[in-house]
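S.K.: Take a look at input-v3.txt, compact mmCIF, C-alpha atoms:
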```txt
# COMPACT_ATOMS: atom_id res chain seq x y z
CA MET Y 1 128.40 108.37 144.43
CA SER Y 2 125.09 107.33 142.94
CA ARG Y 3 123.23 109.63 140.62
CA SER Y 4 119.44 109.79 140.67
CA LEU Y 5 117.63 109.49 137.39
CA VAL Y 6 116.00 112.82 136.54
CA GLN Y 7 112.77 112.46 134.57
CA PRO Y 8 110.66 115.32 133.18
CA ILE Y 9 107.53 116.12 135.10
CA GLY Y 10 104.29 117.07 133.42
CA GLN Y 11 105.51 116.14 129.96
CA LYS Y 12 102.84 114.45 127.86
CA ARG Y 13 104.19 112.06 125.24
CA LEU Y 14 102.08 112.11 122.06
CA THR Y 15 102.51 109.17 119.71
CA ASN Y 16 100.83 108.41 116.39
CA VAL Y 17 100.13 112.12 116.01
CA ALA Y 18 98.97 114.13 113.04
CA VAL Y 19 99.52 117.85 113.61
CA VAL Y 20 97.10 120.46 112.26
CA ARG Y 21 98.66 123.92 112.19
CA LEU Y 22 97.08 127.35 111.83
CA LYS Y 23 98.96 130.65 111.69
CA LYS Y 24 96.98 133.65 112.88
CA HIS Y 25 97.94 137.09 114.14
CA GLY Y 26 101.63 136.25 113.77
CA ASN Y 27 101.41 133.23 116.07
CA ARG Y 28 101.40 129.53 115.34
CA PHE Y 29 98.72 127.32 116.88
CA GLU Y 30 98.69 123.53 116.65
CA ILE Y 31 96.47 120.67 117.75
CA ALA Y 32 97.30 116.98 118.03
CA CYS Y 33 95.03 114.64 116.07
CA TYR Y 34 94.91 110.97 115.19
CA LYS Y 35 96.26 110.03 111.79
CA ASN Y 36 93.74 109.48 108.97
CA LYS Y 37 91.00 111.05 111.10
CA VAL Y 38 91.38 114.67 110.01
CA LEU Y 39 90.36 113.97 106.41
CA SER Y 40 87.45 111.83 107.63
CA TRP Y 41 86.26 114.74 109.79
CA ARG Y 42 86.54 117.26 106.95
CA SER Y 43 84.69 114.98 104.53
CA GLY Y 44 81.88 114.46 107.05
CA VAL Y 45 82.50 110.75 107.61
CA GLU Y 46 83.66 111.11 111.22
CA LYS Y 47 81.26 112.91 113.56
CA ASP Y 48 82.80 112.28 116.98
CA LEU Y 49 85.36 114.95 117.85
CA ASP Y 50 86.98 112.78 120.53
CA GLU Y 51 87.86 110.24 117.81
CA VAL Y 52 89.75 112.95 115.93
CA LEU Y 53 91.61 114.93 118.63
CA GLN Y 54 94.25 113.44 120.90
CA SER Y 55 93.28 116.09 123.44
CA GLN Y 56 91.29 119.32 123.29
CA THR Y 57 94.39 121.40 123.96
CA VAL Y 58 95.93 124.12 121.80
CA TYR Y 59 99.72 124.09 121.48
CA SER Y 60 102.21 126.49 120.07
CA ASN Y 61 104.48 123.50 119.39
CA VAL Y 62 103.11 119.96 119.64
CA SER Y 63 106.43 118.17 119.22
CA LYS Y 64 107.93 120.04 122.23
CA GLY Y 65 104.70 120.03 124.22
CA VAL Y 66 104.58 123.83 124.50
CA LEU Y 67 101.06 125.09 125.24
CA ALA Y 68 99.69 128.24 123.65
CA LYS Y 69 99.33 131.24 125.91
CA SER Y 70 95.85 132.40 126.85
CA LYS Y 71 96.51 136.02 125.81
CA ASP Y 72 97.61 134.84 122.36
CA LEU Y 73 94.43 132.76 122.03
CA VAL Y 74 92.21 135.70 122.97
CA ALA Y 75 94.06 138.02 120.60
CA ALA Y 76 93.81 135.60 117.67
CA PHE Y 77 90.41 133.92 118.20
CA GLY Y 78 88.61 136.33 120.54
CA THR Y 79 88.15 133.59 123.14
CA ASP Y 80 90.17 131.19 125.26
CA ASP Y 81 87.69 128.31 124.91
CA GLN Y 82 89.93 125.44 123.90
CA ALA Y 83 87.10 123.36 122.35
CA LYS Y 84 85.94 126.14 120.00
CA ILE Y 85 89.49 127.00 119.01
CA CYS Y 86 90.26 123.34 118.29
CA LEU Y 87 87.25 123.17 115.95
CA GLU Y 88 88.39 126.25 114.03
CA ILE Y 89 91.95 124.95 113.70
CA LEU Y 90 90.63 121.55 112.64
CA ASP Y 91 88.50 123.07 109.87
CA LYS Y 92 90.87 125.79 108.60
CA GLY Y 93 94.32 124.56 109.59
CA GLU Y 94 96.92 122.86 107.44
CA LEU Y 95 97.48 119.15 108.04
CA GLN Y 96 101.15 118.33 108.57
CA VAL Y 97 102.10 114.94 107.13
CA ALA Y 98 105.37 113.22 106.36
CA GLU Y 99 106.76 113.33 102.82
CA LYS Y 100 106.16 109.63 102.13
CA GLU Y 101 102.61 109.84 103.44
CA ARG Y 102 101.93 112.85 101.26
CA GLU Y 103 103.34 111.10 98.19
CA SER Y 104 101.28 108.00 98.91
CA TYR Y 105 98.09 110.03 99.34
CA LEU Y 106 98.65 112.10 96.19
CA SER Y 107 99.46 108.99 94.18
CA SER Y 108 96.29 107.30 95.38
CA GLN Y 109 94.16 110.35 94.59
CA PHE Y 110 95.78 110.67 91.15
CA ARG Y 111 94.75 107.08 90.44
CA ASP Y 112 91.21 107.75 91.66
CA ILE Y 113 90.91 110.78 89.39
CA ALA Y 114 92.19 108.82 86.40
CA THR Y 115 89.67 106.05 87.13
CA ILE Y 116 86.78 108.53 87.21
CA VAL Y 117 87.97 110.10 83.93
CA MET Y 118 88.16 106.65 82.33
CA GLN Y 119 84.60 105.84 83.42
CA LYS Y 120 83.16 109.11 82.14
CA THR Y 121 84.91 109.43 78.76
CA ILE Y 122 85.22 107.60 75.45
CA ASN Y 123 87.24 107.88 72.27
CA PRO Y 124 84.95 109.62 69.72
CA GLU Y 125 86.51 107.64 66.85
CA THR Y 126 86.08 104.14 68.28
CA GLN Y 127 83.24 104.89 70.74
CA ARG Y 128 85.19 102.93 73.36
CA PRO Y 129 86.64 104.01 76.71
CA TYR Y 130 90.35 104.62 77.08
CA THR Y 131 92.42 102.35 79.30
CA ILE Y 132 93.51 103.59 82.71
CA SER Y 133 97.17 103.68 81.66
CA MET Y 134 96.34 105.83 78.62
CA ILE Y 135 94.37 108.27 80.79
CA GLU Y 136 97.24 108.57 83.26
CA ARG Y 137 99.69 109.24 80.43
CA LEU Y 138 97.44 111.96 79.01
CA MET Y 139 97.14 113.53 82.47
CA HIS Y 140 100.94 113.63 82.72
CA ASP Y 141 101.12 115.22 79.27
CA ILE Y 142 98.95 118.15 80.36
CA HIS Y 143 101.02 118.44 83.58
CA PHE Y 144 98.08 117.83 85.88
CA ALA Y 145 98.79 118.32 89.60
CA VAL Y 146 96.54 116.85 92.30
CA ASP Y 147 94.90 119.28 94.71
CA PRO Y 148 94.61 117.45 98.07
CA ASN Y 149 91.99 119.93 99.29
CA SER Y 150 89.58 119.24 96.41
CA SER Y 151 87.46 116.16 95.77
CA SER Y 152 88.53 113.60 93.17
CA LYS Y 153 85.25 113.90 91.26
CA LYS Y 154 85.51 117.67 90.89
CA GLN Y 155 89.12 117.43 89.70
CA ALA Y 156 88.18 114.64 87.27
CA LEU Y 157 85.62 116.89 85.57
CA GLU Y 158 88.26 119.63 85.27
CA VAL Y 159 90.72 117.13 83.79
CA ILE Y 160 88.15 116.07 81.17
CA HIS Y 161 87.66 119.71 80.19
CA ASP Y 162 91.43 120.21 79.81
CA LEU Y 163 91.92 116.95 77.88
CA GLN Y 164 89.21 117.86 75.38
CA LYS Y 165 91.27 120.87 74.29
CA ARG Y 166 94.24 118.76 73.17
CA PHE Y 167 93.17 115.15 72.63
CA PRO Y 168 90.30 113.26 70.92
CA ILE Y 169 88.20 112.55 73.97
CA LYS Y 170 84.60 113.30 74.89
CA ARG Y 171 82.16 112.71 77.70
CA CYS Y 172 80.43 109.36 77.60
CA PRO Y 173 76.72 109.90 76.89
CA MET Y 174 73.98 108.93 79.30
CA ARG Y 175 71.31 106.44 78.32
CA LEU Y 176 67.83 107.63 79.25
CA ARG Y 177 64.30 106.37 78.84
CA LEU Y 178 61.83 109.22 78.27
CA TYR Y 179 58.07 108.98 78.70
CA VAL Y 180 55.93 111.73 77.19
CA PRO Y 181 52.27 112.09 76.17
CA SER Y 182 51.68 111.47 72.46
CA HIS Y 183 50.54 115.01 71.75
CA ASN Y 184 53.92 116.33 73.00
CA ALA Y 185 56.03 113.74 71.15
CA SER Y 186 56.85 115.99 68.18
CA SER Y 187 58.23 118.73 70.44
CA LEU Y 188 60.41 116.23 72.30
CA MET Y 189 61.76 114.63 69.11
CA GLU Y 190 62.60 118.02 67.64
CA THR Y 191 64.48 119.04 70.78
CA LEU Y 192 66.40 115.76 70.93
CA HIS Y 193 67.51 116.14 67.32
CA GLY Y 194 68.58 119.69 68.09
CA TRP Y 195 70.73 118.42 70.94
CA GLY Y 196 72.31 115.84 68.65
CA SER Y 197 71.24 112.91 70.82
CA THR Y 198 71.13 109.35 69.50
CA ILE Y 199 67.70 107.71 69.60
CA ASP Y 200 68.01 103.96 70.08
CA SER Y 201 64.35 102.97 70.05
CA THR Y 202 60.82 104.34 70.30
CA ASP Y 203 57.69 102.60 71.54
CA GLU Y 204 54.20 104.08 71.44
CA SER Y 205 51.46 102.55 73.57
CA GLU Y 206 48.01 104.02 74.19
CA ASN Y 207 48.53 107.78 74.65
CA GLN Y 208 52.19 107.62 75.70
CA LEU Y 209 55.47 107.54 73.78
CA SER Y 210 58.57 105.85 75.22
CA ILE Y 211 61.98 106.82 73.84
CA ILE Y 212 65.36 105.31 74.70
CA CYS Y 213 68.13 107.72 73.77
CA GLU Y 214 71.71 108.69 74.54
CA LEU Y 215 72.31 112.25 75.71
CA GLU Y 216 75.33 114.34 76.62
CA PRO Y 217 75.60 114.63 80.44
CA GLY Y 218 75.81 118.42 80.24
CA LEU Y 219 72.27 118.50 78.82
CA PHE Y 220 70.72 116.37 81.56
CA ARG Y 221 69.34 119.28 83.59
CA GLU Y 222 67.82 120.85 80.50
CA CYS Y 223 66.29 117.52 79.56
CA ASP Y 224 64.87 117.11 83.06
CA GLY Y 225 63.30 120.56 82.89
CA LEU Y 226 61.92 119.83 79.41
CA MET Y 227 60.25 116.62 80.61
CA ARG Y 228 58.58 118.50 83.44
CA THR Y 229 57.32 121.09 80.97
CA LEU Y 230 55.96 118.40 78.61
CA GLN Y 231 54.30 116.56 81.53
CA GLY Y 232 56.55 113.56 81.06
CA ARG Y 233 59.14 111.73 83.08
CA LEU Y 234 62.58 110.21 82.56
CA GLU Y 235 64.55 107.24 83.84
CA ILE Y 236 68.34 106.95 83.94
CA LEU Y 237 69.25 103.61 82.41
CA ALA Y 238 73.01 104.18 82.47
CA VAL Y 239 75.10 107.11 83.62
CA ASN Y 240 77.96 106.02 81.33
CA ALA Y 241 76.66 104.28 78.21
CA HIS Y 242 79.88 102.62 77.05
CA VAL Y 243 79.50 100.61 73.89
CA ASP Y 244 81.89 98.02 75.25
CA SER Y 245 82.60 97.61 78.94
CA ASP Y 246 85.92 95.83 78.34
CA THR Y 247 88.81 98.23 77.78
CA ILE Y 248 91.17 95.83 76.03
CA VAL Y 249 93.89 97.42 73.92
CA ASP Y 250 93.86 94.55 71.42
CA ASN Y 251 90.31 95.41 70.41
CA TYR Y 252 91.40 98.76 69.03
CA ASP Y 253 93.34 97.08 66.23
CA ASP Y 254 90.15 95.60 64.80
CA LEU Y 255 88.57 99.02 64.32
CA ASP Y 256 91.63 100.47 62.58
CA HIS Y 257 90.94 98.31 59.53
CA LYS Y 258 87.20 99.08 59.52
CA PRO Y 259 86.77 102.84 59.84
CA SER Y 260 83.39 102.73 58.07
CA LEU Y 261 81.74 100.68 60.81
CA SER Y 262 78.73 102.45 62.25
CA ARG Y 263 77.96 102.65 65.96
CA LYS Y 264 75.25 100.02 65.79
CA SER Y 265 77.43 97.55 63.86
CA ILE Y 266 79.87 97.31 66.77
CA THR Y 267 79.31 94.33 69.03
CA THR Y 268 76.64 95.13 71.58
CA PRO Y 269 76.99 94.11 75.23
CA VAL Y 270 74.20 91.54 74.90
CA SER Y 271 75.68 89.82 71.86
CA GLN Y 272 79.12 89.90 73.43
CA LEU Y 273 77.70 88.40 76.59
CA SER Y 274 76.17 85.62 74.51
CA GLU Y 275 79.56 84.75 73.04
CA LYS Y 276 81.25 84.80 76.43
CA LEU Y 277 78.61 82.53 77.95
CA GLU Y 278 78.66 79.83 75.29
CA LYS Y 279 81.41 77.87 77.01
CA GLN Y 280 79.91 78.56 80.43
CA VAL Y 281 76.50 77.18 79.41
CA ILE Y 282 78.21 73.99 78.21
CA SER Y 283 80.12 73.84 81.46
CA GLU Y 284 76.90 74.25 83.44
CA ALA Y 285 75.22 71.41 81.50
CA GLU Y 286 78.10 69.06 82.26
CA SER Y 287 78.35 70.04 85.92
CA SER Y 288 76.58 66.86 87.07
CA GLN Y 289 79.33 64.67 85.61
CA GLY Y 290 82.44 66.56 86.67
CA ALA Y 291 81.27 68.63 89.61
CA LYS Y 292 84.17 67.52 91.76
CA LYS Y 293 86.75 68.81 89.28
CA LYS Y 294 85.00 72.11 88.59
CA GLN Y 295 84.77 75.24 90.67
CA LYS Y 296 81.37 76.48 91.74
CA CYS Y 297 80.36 80.14 91.65
CA ASN Y 298 78.13 80.74 94.66
CA THR Y 299 77.00 84.08 93.25
CA CYS Y 300 75.59 82.50 90.06
CA ASP Y 301 74.88 79.11 91.68
CA ALA Y 302 76.58 77.25 88.81
CA PHE Y 303 79.63 75.08 88.19
CA ILE Y 304 82.04 76.93 85.90
CA GLY Y 305 85.14 74.87 85.21
CA ASP Y 306 88.85 75.11 85.93
CA ALA Y 307 90.62 78.11 87.40
CA LYS Y 308 91.08 79.86 84.04
CA GLU Y 309 87.43 79.51 83.08
CA TYR Y 310 86.41 80.67 86.55
CA ARG Y 311 88.48 83.85 86.17
CA GLU Y 312 86.87 84.52 82.79
CA HIS Y 313 83.47 83.91 84.34
CA CYS Y 314 84.13 86.51 87.05
CA LYS Y 315 84.75 89.09 84.30
CA SER Y 316 81.56 88.20 82.44
CA GLU Y 317 78.36 90.24 82.45
CA TRP Y 318 76.49 87.20 83.77
CA HIS Y 319 78.54 87.23 86.99
CA LYS Y 320 78.43 91.05 87.29
CA HIS Y 321 74.67 91.07 86.79
CA ASN Y 322 74.18 88.49 89.53
CA ILE Y 323 76.41 90.48 91.89
CA ARG Y 324 74.16 93.49 91.40
CA ARG Y 325 71.12 91.29 92.08
CA LYS Y 326 72.81 89.89 95.18
CA THR Y 327 73.28 93.39 96.61
CA ARG Y 328 69.54 93.89 96.21
CA GLU Y 329 68.91 90.49 97.88
CA LEU Y 330 67.52 88.97 94.68
CA PRO Y 331 68.09 85.34 93.61
CA PRO Y 332 70.73 84.63 90.92
CA LEU Y 333 69.78 84.17 87.27
CA SER Y 334 70.95 81.47 84.90
CA ALA Y 335 72.86 82.36 81.74
CA GLU Y 336 69.72 82.34 79.56
CA GLU Y 337 67.70 84.33 82.09
CA CYS Y 338 70.51 86.87 82.34
CA LEU Y 339 70.57 87.31 78.56
CA ALA Y 340 66.82 87.83 78.50
CA ASP Y 341 66.98 90.30 81.38
CA LEU Y 342 69.70 92.37 79.69
CA ASP Y 343 67.85 92.26 76.39
CA ILE Y 344 64.69 93.63 78.00
CA VAL Y 345 66.41 96.35 79.94
CA GLY Y 346 68.78 97.20 77.09
CA LEU Y 347 71.86 97.85 79.21
CA ASN Y 348 74.48 96.12 81.33
CA THR Y 349 74.58 98.43 84.33
CA ASP Y 350 72.30 99.19 87.25
CA LEU Y 351 70.17 102.29 87.52
CA LYS Y 352 72.12 104.90 89.42
CA ASP Y 353 71.22 108.30 90.77
CA TYR Y 354 72.74 110.98 88.55
CA SER Y 355 74.77 113.59 90.36
CA PHE Y 356 77.46 115.93 89.00
```
Could the structure of this file be written out as C-alpha cells, please?

M.R.:
Amino acid sequence: MSRSLVQPIGQKRLTNVAVVRLKKHGNRFEIACYKNKVLSWRSGVEKDLDEVLQSQTVYSNVSKGVLAKSKDLVAAFGTDDQAKICLEILDKGELQVAEKERESYLSSQFRDIATIVMQKTINPETQRPYTISMIERLMHDIHFAVDPNSSSKKQALEVIHDLQKRFPIKRCPMRLRLYVPSHNASSLMETLHGWGSTIDSTDESENQLSIICELEPGLFRECDGLMRTLQGRLEILAVNAHVDSDTIVDNYDDLDHKPSLSRKSITTPVSQLSEKLEKQVISEAESSQGAKKKQKCNTCDAFIGDAKEYREHCKSEWHKHNIRRKTRELPPLSAEECLADLDIVGLNTDLKDYSF
C-alpha cells in the first residue's frame, strides 16, 4: 500500500534570518530581518525598509512560523498595523545572533575601539603613541567590556578617561593655526599660556598675528569661542599631532637613555621623511637604467626598487602624502616637492573636520 507524502501547507521557510525580538505586555513579538542589515538600519546607513525586513509580518515565534495574534498586537502597541509595529520592534527590539557571530562582532569592535584610543593618545614621557597591542593589553587590565549598543568612538573616549586614572597616558594635542588682529594678540597669548598650550611658531604680518600651537582637545570649544570674541579665526592643521607617526617599539629604547631630550629635539616628521627618502631619491635617479628590474609606484609616478624597498616606500610620508593628493584629484609630487610641501604646512596629515 503506497503512502502519500504529506507536506505542510502555508508554511513559509525563512533562511538567512536575523531575528529581532521585543517583549511587551507579557508577550513576545519577533520580526524576521536580513543579517547585517539591522545594524545598518539603526546606524542610518540603510534607508530602505524592504532591504532590512524579510517580510512586514509580526511573529510570536519566527523559527516555528507562528504569527502574533491581532488582539495581542492591539493590547501591546495600540494598533494592528504590521508596518508600524515592525518599525518599533526594529528600533527597540533586541537582535538575536549566534554565539560565534556575537563573539566576532565584539572582537571586531574591541579592535576598533583600541585603534581609536591609539590614534588619540600618547605617552606623556616619550610624547609618542602607544602601539595597538599595548592599548589592548591596558584595556584588558581595566576589565573593559564592549557595549554593542554604543558607538566605538564614544566608548573609546570613555576608555581614555579610565586609562588616565591608572596609567601614564594623555590625549594627543591638536595642532591649530590661529589668526587674530594684532591689537588682540596679547589677550590670546595670555590665554594660551594659561591653558598650557605649546606655541610652535608665530608670524606677524601687517595687522594680523598668526600662531601655530598645540592645544588639548578638551579646550577646542573654548578656543573656538575665544577666537570669535577676539574677531579672529582658526584652522585645524592636525586633529592628532603625534610627534612620530611610526609606532615602533624599538624606538622607545632610544629615549630611555636620553630622558633629558626636549620635545623639539626629537626627530620631526619632516626630517625623518628626509632620511627615509634618501634611498628613494637615488632609486628615482637611476630609474632610467634599471627600470625593468624596479617596481613603479603609480601613486608617486616613480620607480622605487625591489620588493623590500617598495614596501618601505609605501610606509613613507612621501607615498602617504601623494595618496591624500590623489583622493583630492591632485597630481603626485616628487620627493623634493613633498618635503617642501610638508615643510610649508608644518604637518604630515590632512586637514580634517574636528568632531567629538

S.K.: Quick one: distance from CA of Asp147 (chain Y) to CA of Val19 (chain Y) in Å, one decimal?

M.R.: 19.5 Å

S.K.: May I ask for the distance between CA of Glu94 (chain Y) and CA of Arg21 (chain Y), given in Å to one decimal place?

M.R.: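 Spanning CA of Glu94 (chain Y) to CA of Arg21 (chain Y) is a straight-line distance of 5.2 Å.
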
S.K.: Just give me the gap between CA of Leu219 (chain Y) and CA of Gly194 (chain Y) in Å, one decimal is fine.

M.R.: 11.4 Å

S.K.: Using all atoms listed in the file, collect all residues at a distance of at most 12 Å from (75.6, 111.2, 78.3) as written in the file, then present them as a VMD selection string.

M.R.: chain Y and resid 119 to 122 170 to 176 195 to 198 213 to 221 223 236 to 242 354 356

S.K.: Those same residues - C-alpha atoms - I'd like them written as a compact mmCIF listing (two decimals), keeping the file's coordinate frame.

M.R.:
```
# COMPACT_ATOMS: atom_id res chain seq x y z
CA GLN Y 119 84.60 105.84 83.42
CA LYS Y 120 83.16 109.11 82.14
CA THR Y 121 84.91 109.43 78.76
CA ILE Y 122 85.22 107.60 75.45
CA LYS Y 170 84.60 113.30 74.89
CA ARG Y 171 82.16 112.71 77.70
CA CYS Y 172 80.43 109.36 77.60
CA PRO Y 173 76.72 109.90 76.89
CA MET Y 174 73.98 108.93 79.30
CA ARG Y 175 71.31 106.44 78.32
CA LEU Y 176 67.83 107.63 79.25
CA TRP Y 195 70.73 118.42 70.94
CA GLY Y 196 72.31 115.84 68.65
CA SER Y 197 71.24 112.91 70.82
CA THR Y 198 71.13 109.35 69.50
CA CYS Y 213 68.13 107.72 73.77
CA GLU Y 214 71.71 108.69 74.54
CA LEU Y 215 72.31 112.25 75.71
CA GLU Y 216 75.33 114.34 76.62
CA PRO Y 217 75.60 114.63 80.44
CA GLY Y 218 75.81 118.42 80.24
CA LEU Y 219 72.27 118.50 78.82
CA PHE Y 220 70.72 116.37 81.56
CA ARG Y 221 69.34 119.28 83.59
CA CYS Y 223 66.29 117.52 79.56
CA ILE Y 236 68.34 106.95 83.94
CA LEU Y 237 69.25 103.61 82.41
CA ALA Y 238 73.01 104.18 82.47
CA VAL Y 239 75.10 107.11 83.62
CA ASN Y 240 77.96 106.02 81.33
CA ALA Y 241 76.66 104.28 78.21
CA HIS Y 242 79.88 102.62 77.05
CA TYR Y 354 72.74 110.98 88.55
CA PHE Y 356 77.46 115.93 89.00
```

S.K.: Could you list, as a list in words, every residue within 9 Å of Tyr310 (chain Y), counting only C-alpha atoms and ignoring same-chain residues fewer than 3 positions away?

M.R.: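 Residues meeting the cut-off are Lys294, Gln295, Lys296, Cys297, Phe303, Ile304, Gly305, Asp306, Ala307, His313, Cys314 and Lys315 of chain Y.
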
S.K.: Provide region 14-28 of chain Y rebuilt to N, CA and C atoms, formatted as an mmCIF file, keeping the file's coordinate frame.

M.R.:
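Written output follows (result.cif):
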```cif
data_model
loop_
_atom_site.group_PDB
_atom_site.id
_atom_site.type_symbol
_atom_site.label_atom_id
_atom_site.label_comp_id
_atom_site.auth_asym_id
_atom_site.auth_seq_id
_atom_site.Cartn_x
_atom_site.Cartn_y
_atom_site.Cartn_z
ATOM 1 N N LEU Y 14 103.108 112.314 123.070
ATOM 2 C CA LEU Y 14 102.080 112.110 122.060
ATOM 3 C C LEU Y 14 102.661 111.247 120.943
ATOM 4 N N THR Y 15 102.076 110.077 120.757
ATOM 5 C CA THR Y 15 102.510 109.170 119.710
ATOM 6 C C THR Y 15 101.405 109.019 118.675
ATOM 7 N N ASN Y 16 101.787 108.587 117.486
ATOM 8 C CA ASN Y 16 100.830 108.410 116.390
ATOM 9 C C ASN Y 16 100.039 109.695 116.167
ATOM 10 N N VAL Y 17 100.760 110.802 116.036
ATOM 11 C CA VAL Y 17 100.130 112.120 116.010
ATOM 12 C C VAL Y 17 100.159 112.698 114.594
ATOM 13 N N ALA Y 18 99.034 113.302 114.234
ATOM 14 C CA ALA Y 18 98.970 114.130 113.040
ATOM 15 C C ALA Y 18 98.721 115.562 113.506
ATOM 16 N N VAL Y 19 99.577 116.467 113.130
ATOM 17 C CA VAL Y 19 99.520 117.850 113.610
ATOM 18 C C VAL Y 19 98.771 118.704 112.588
ATOM 19 N N VAL Y 20 97.798 119.480 113.093
ATOM 20 C CA VAL Y 20 97.100 120.460 112.260
ATOM 21 C C VAL Y 20 97.528 121.839 112.746
ATOM 22 N N ARG Y 21 98.049 122.645 111.830
ATOM 23 C CA ARG Y 21 98.660 123.920 112.190
ATOM 24 C C ARG Y 21 97.884 125.071 111.547
ATOM 25 N N LEU Y 22 97.730 126.145 112.319
ATOM 26 C CA LEU Y 22 97.080 127.350 111.830
ATOM 27 C C LEU Y 22 97.868 128.566 112.301
ATOM 28 N N LYS Y 23 98.242 129.419 111.352
ATOM 29 C CA LYS Y 23 98.960 130.650 111.690
ATOM 30 C C LYS Y 23 97.974 131.811 111.658
ATOM 31 N N LYS Y 24 97.935 132.557 112.763
ATOM 32 C CA LYS Y 24 96.980 133.650 112.880
ATOM 33 C C LYS Y 24 97.554 134.717 113.795
ATOM 34 N N HIS Y 25 97.440 135.948 113.370
ATOM 35 C CA HIS Y 25 97.940 137.090 114.140
ATOM 36 C C HIS Y 25 99.420 136.928 114.488
ATOM 37 N N GLY Y 26 100.202 136.381 113.564
ATOM 38 C CA GLY Y 26 101.630 136.250 113.770
ATOM 39 C C GLY Y 26 102.041 135.142 114.706
ATOM 40 N N ASN Y 27 101.093 134.342 115.175
ATOM 41 C CA ASN Y 27 101.410 133.230 116.070
ATOM 42 C C ASN Y 27 101.013 131.905 115.414
ATOM 43 N N ARG Y 28 101.672 130.860 115.856
ATOM 44 C CA ARG Y 28 101.400 129.530 115.340
ATOM 45 C C ARG Y 28 100.656 128.719 116.389
#
```
